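Report on one structure; see the data block that follows.
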Amino acid sequence: MASFKSWIKAARLRTLPLALASVAMGGLVAATHPNFNLKAVVMTAITALFLQIISNLANDLGDSHKGVDNEKRVGPRRTVQSGEISSASMKKAIVVVSLLALVSGLLLIFWAASLTVKTSAIFVVLGLGAIVSAIKYTVGKNPYGYVGLGDLFVFLFFGLLGVAGTWFLATRSWDWLIILPSAAMGLFSVGVLNLNNMRDLENDRRNGKNTLAVKLGLQKAFVYHCLLVLLPFVLLSIFALIIKADARVFLFVITLPLFLVDLVRIKNSFGGSSLDPFLRKLSLKTLLLTIVFGILINF
């Protein structure tokens with residue numbers, strides 16, 4: 001039987017701040033709305049964490065079955081490939097966490113947010129789509145992560161749906177301007193995925209996992225990464241200007257040097273395992289930026 005430590009490793013806790021960052025952005029911006037519903041934001045956060053864990057477990061299982069997780073892989077050792085967790089146990093865990101995500105999502109839709117029947121049906125479909133997408137990234141006959149579509153799905157689910165969905169659930173209203181912070185968080189989320197793919201580029205190429213980083217090559221993938229990290233500051237600034245936020249909101253740019261330092265270090269790294277620490281750093285710094293921006297926009 002797998003140890004508790006192995007399951008914690010498989011859940012990849014270092015990726016969870018990124019899931020929380022998207023919900024936090026949507027929730028903190030929604031907090032400026034007169035009909036703000038904190039209960040909906042909390043339930044959205046719980047559901048998002050379950051979805052992120054599903055994705056991590058499925059990735060562990062899928063990459064192991066397809067041979068991408070092997071002795072030449074430079075990232076952290078995966079639990080199925082190493083034998084710490086059996087494939088059968090991992091499949092059961094994915095089912096269990098998927099059911100938890102489903103229950104959490106239903107509670108969010110029908111209890112916390114109290115949506116209309118029509119709107120509830122739309123969010124049920126979106127929720128099921130999120131669960132399926134989390135699993136299909138690397139699992140199944142035609143996983144989309146193996147043909148370079150991971151970036152698109154991460155942008156959609158961890159950016160647009162994560163932020164805009166949280167906003168809507170917390171306010172029961174819609175404003176097209178929420179697309180700007182949604183896109184910003186989507187780009188940061190793709191940035192973490194791109195770093196992961198830059199780290200694993202050579203091993204992925206050898207094993208037929210054609211991520212966007214593999215298709216671009218390391219140098220172009222770095223340029224792409226710079227855009228993913230810097231464009232969100234432009235989008236958030238445009239958002240603040242359009243809503244005519246107080247000038248102090250623009251103090252969120254004080255976090256920019258933290259991201260720039262890492263970009264320089266990534267540029268000067270040797271790729272491979274040297275990139276691994278930057279995944280956690282980008283996740284945490286994205287969450288920090290979200291909190292800073294959210295606090296400033298509310299005060």
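Numbering starts fresh at 1 for the residues of each chain in the structure tokens, the chains themselves are lettered A, B, ... in the order given, and ligands are numbered from 1 as they appear.
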
For this session: Write out as an MDAnalysis selection string all residues of range 248-283 of chain A that backbone DSSP assigns to alpha helix (DSSP H).
Result: chainID A and resid 256:267 276:283

Exercise. Counting only C-alpha atoms, what is within 9 Å of Phe168 in chain A, bar same-chain residues fewer than 5 positions away, as a VMD selection string?
Worked result: chain A and resid 26 30 163 173 to 175

Exercise. Please, what distance in Å, to one decimal, runs between CA of Ser82 in chain A and CA of Ala58 in chain A?
Worked result: 15.2 Å

Give one line per residue of range 95-170 of chain A that approaches range 40-57 of chain A to at most 9 Å, naming the two atoms of the closest pair and their distance in Å to one decimal, counting only C-alpha atoms; sort by chain then ascending residue number and deliver it as JSON lines.
{"residue": "A:Val95", "atom": "CA", "partner": "A:Ile54", "partner_atom": "CA", "distance": 8.6}
{"residue": "A:Val97", "atom": "CA", "partner": "A:Ile54", "partner_atom": "CA", "distance": 6.3}
{"residue": "A:Ser98", "atom": "CA", "partner": "A:Ile54", "partner_atom": "CA", "distance": 6.6}
{"residue": "A:Leu100", "atom": "CA", "partner": "A:Phe50", "partner_atom": "CA", "distance": 7.1}
{"residue": "A:Ala101", "atom": "CA", "partner": "A:Phe50", "partner_atom": "CA", "distance": 5.3}
{"residue": "A:Leu102", "atom": "CA", "partner": "A:Thr47", "partner_atom": "CA", "distance": 8.0}
{"residue": "A:Val103", "atom": "CA", "partner": "A:Thr47", "partner_atom": "CA", "distance": 8.7}
{"residue": "A:Ser104", "atom": "CA", "partner": "A:Thr47", "partner_atom": "CA", "distance": 5.5}
{"residue": "A:Gly105", "atom": "CA", "partner": "A:Thr47", "partner_atom": "CA", "distance": 5.8}
{"residue": "A:Leu107", "atom": "CA", "partner": "A:Met43", "partner_atom": "CA", "distance": 7.6}
{"residue": "A:Leu108", "atom": "CA", "partner": "A:Met43", "partner_atom": "CA", "distance": 5.4}
{"residue": "A:Ile109", "atom": "CA", "partner": "A:Ala40", "partner_atom": "CA", "distance": 8.2}
{"residue": "A:Trp111", "atom": "CA", "partner": "A:Ala40", "partner_atom": "CA", "distance": 8.5}
{"residue": "A:Ala112", "atom": "CA", "partner": "A:Ala40", "partner_atom": "CA", "distance": 4.8}
{"residue": "A:Ala113", "atom": "CA", "partner": "A:Ala40", "partner_atom": "CA", "distance": 5.3}
{"residue": "A:Ser114", "atom": "CA", "partner": "A:Ala40", "partner_atom": "CA", "distance": 9.0}
{"residue": "A:Ala130", "atom": "CA", "partner": "A:Leu51", "partner_atom": "CA", "distance": 7.3}
{"residue": "A:Ile131", "atom": "CA", "partner": "A:Leu51", "partner_atom": "CA", "distance": 6.4}
{"residue": "A:Ser133", "atom": "CA", "partner": "A:Ser55", "partner_atom": "CA", "distance": 8.2}
{"residue": "A:Ala134", "atom": "CA", "partner": "A:Ser55", "partner_atom": "CA", "distance": 4.4}
{"residue": "A:Ile135", "atom": "CA", "partner": "A:Ser55", "partner_atom": "CA", "distance": 5.7}
{"residue": "A:Lys136", "atom": "CA", "partner": "A:Ser55", "partner_atom": "CA", "distance": 8.5}
{"residue": "A:Tyr137", "atom": "CA", "partner": "A:Ser55", "partner_atom": "CA", "distance": 7.5}
{"residue": "A:Thr138", "atom": "CA", "partner": "A:Ser55", "partner_atom": "CA", "distance": 8.8}
{"residue": "A:Phe158", "atom": "CA", "partner": "A:Ala48", "partner_atom": "CA", "distance": 8.7}
{"residue": "A:Gly162", "atom": "CA", "partner": "A:Ala48", "partner_atom": "CA", "distance": 7.9}
{"residue": "A:Gly165", "atom": "CA", "partner": "A:Thr44", "partner_atom": "CA", "distance": 8.8}
{"residue": "A:Thr166", "atom": "CA", "partner": "A:Val41", "partner_atom": "CA", "distance": 6.3}
{"residue": "A:Trp167", "atom": "CA", "partner": "A:Val41", "partner_atom": "CA", "distance": 8.3}
{"residue": "A:Leu169", "atom": "CA", "partner": "A:Ala40", "partner_atom": "CA", "distance": 6.2}
{"residue": "A:Ala170", "atom": "CA", "partner": "A:Ala40", "partner_atom": "CA", "distance": 5.5}

Using the selection just defined, write its residues with C-alpha atoms as a short mmCIF file (atom, residue, chain, number, x, y, z; two decimals), in the first residue's frame.
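Saved result, out-v2.cif, follows:
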data_model
loop_
_atom_site.label_atom_id
_atom_site.label_comp_id
_atom_site.auth_asym_id
_atom_site.auth_seq_id
_atom_site.Cartn_x
_atom_site.Cartn_y
_atom_site.Cartn_z
CA VAL A 95 -11.99 8.40 -9.64
CA VAL A 97 -10.93 12.88 -6.42
CA SER A 98 -13.10 13.32 -9.53
CA LEU A 100 -15.05 14.89 -4.77
CA ALA A 101 -14.67 17.58 -7.44
CA LEU A 102 -18.11 16.73 -8.77
CA VAL A 103 -19.75 16.94 -5.34
CA SER A 104 -17.91 20.16 -4.55
CA GLY A 105 -18.94 21.63 -7.90
CA LEU A 107 -22.59 22.23 -3.94
CA LEU A 108 -21.06 25.36 -5.44
CA ILE A 109 -23.66 25.63 -8.20
CA TRP A 111 -26.02 25.79 -2.77
CA ALA A 112 -23.32 28.43 -2.58
CA ALA A 113 -24.12 30.35 -5.79
CA SER A 114 -27.85 29.50 -6.04
CA ALA A 130 -13.01 20.59 -16.61
CA ILE A 131 -12.83 17.13 -14.98
CA SER A 133 -9.89 17.86 -19.55
CA ALA A 134 -7.85 17.42 -16.37
CA ILE A 135 -7.71 13.68 -17.03
CA LYS A 136 -7.30 13.76 -20.82
CA TYR A 137 -4.16 15.91 -20.70
CA THR A 138 -2.00 12.78 -20.69
CA PHE A 158 -7.18 28.10 -15.36
CA GLY A 162 -11.08 30.09 -13.42
CA GLY A 165 -16.23 31.79 -13.69
CA THR A 166 -15.39 32.79 -10.13
CA TRP A 167 -16.50 36.36 -10.84
CA LEU A 169 -20.50 32.74 -9.42
CA ALA A 170 -19.65 35.38 -6.81
#

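Take CA of Leu16 in chain A and CA of Ser283 in chain A: the distance between them is 8.0 Å.
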
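Here the question is which of A:Arg199, A:Thr171, A:Ser274, A:Leu296 gets nearest to Leu115 in chain A using only C-alpha atoms, and that residue is A:Thr171.
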
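Considering the residues A:Ala24, A:Leu263, A:Ile94, A:Leu156 and counting only C-alpha atoms, Ala10 in chain A has its shortest atom-to-atom contact with A:Ile94.
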
Problem set entry | Tyr144 in chain A surroundings by only C-alpha atoms, 12 Å radius, close-in-sequence under 4 positions cut, as a list in words | Asn59, Gly62, Val132, Ser133, Ala134, Ile135, Lys136, Tyr137, Thr138, Val139, Gly140, Gly148, Leu149, Gly150, Asp151, Leu152, Phe153, Val154, Lys209, Asn210, Thr211 and Leu212 of chain A

Can I get the selected residues back with C-alpha atoms, as a PDB file, in the first residue's frame?
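Output file selection01.pdb is given in full below:
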ATOM      1  CA  ASN A  59      -0.401  13.282 -15.464  1.00  0.00           C
ATOM      2  CA  GLY A  62      -0.504   8.941 -18.187  1.00  0.00           C
ATOM      3  CA  VAL A 132     -12.519  15.364 -18.345  1.00  0.00           C
ATOM      4  CA  SER A 133      -9.895  17.861 -19.547  1.00  0.00           C
ATOM      5  CA  ALA A 134      -7.852  17.418 -16.365  1.00  0.00           C
ATOM      6  CA  ILE A 135      -7.707  13.679 -17.030  1.00  0.00           C
ATOM      7  CA  LYS A 136      -7.305  13.763 -20.818  1.00  0.00           C
ATOM      8  CA  TYR A 137      -4.163  15.908 -20.703  1.00  0.00           C
ATOM      9  CA  THR A 138      -1.996  12.778 -20.689  1.00  0.00           C
ATOM     10  CA  VAL A 139      -4.413   9.856 -20.212  1.00  0.00           C
ATOM     11  CA  GLY A 140      -6.159   7.929 -22.990  1.00  0.00           C
ATOM     12  CA  GLY A 148       0.900  20.693 -28.087  1.00  0.00           C
ATOM     13  CA  LEU A 149      -2.618  21.683 -26.990  1.00  0.00           C
ATOM     14  CA  GLY A 150      -1.904  21.763 -23.268  1.00  0.00           C
ATOM     15  CA  ASP A 151      -1.211  25.498 -23.323  1.00  0.00           C
ATOM     16  CA  LEU A 152      -4.607  26.261 -24.865  1.00  0.00           C
ATOM     17  CA  PHE A 153      -6.552  24.151 -22.371  1.00  0.00           C
ATOM     18  CA  VAL A 154      -4.660  25.564 -19.392  1.00  0.00           C
ATOM     19  CA  LYS A 209       5.394  14.048 -26.366  1.00  0.00           C
ATOM     20  CA  ASN A 210       5.191  17.023 -28.723  1.00  0.00           C
ATOM     21  CA  THR A 211       4.508  19.879 -26.343  1.00  0.00           C
ATOM     22  CA  LEU A 212       4.622  23.430 -27.645  1.00  0.00           C
TER      23      LEU A 212
END

Exercise. By how many Å are CA of Asn268 in chain A and CA of Val214 in chain A apart?
Worked result: 19.4 Å

Problem set entry | Polymer residues at most 10 Å from Lys281 in chain A, only C-alpha atoms, same-chain spacing of 6 or more positions, as number ranges by chain | A: 14, 192, 258-259, 262, 287

Exercise. Which residue gives the smallest distance to Leu251 in chain A among A:Lys220, A:Asn197, A:Leu279, A:Leu289, with only C-alpha atoms counted?
Worked result: A:Leu289

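Considering only C-alpha atoms, the residue among A:Met25, A:Ala2, A:Ile178, A:Leu227 positioned nearest to Leu288 in chain A is A:Met25.
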
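If only C-alpha atoms are the atoms counted, then among A:Asn196, A:Ser22, A:Thr79, A:Ser189 the closest residue to Leu161 in chain A is A:Ser22.
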
Problem set entry | Tyr224 in chain A surroundings by only C-alpha atoms, 10 Å radius, close-in-sequence under 6 positions cut, as a PyMOL selection string | chain A and resi 191+194+212-213+216+218

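Between Gly145 in chain A and the residues A:Ala164, A:Leu193, A:Ala21, A:Leu187, the shortest atom-to-atom distance, using only C-alpha atoms, involves A:Leu193.
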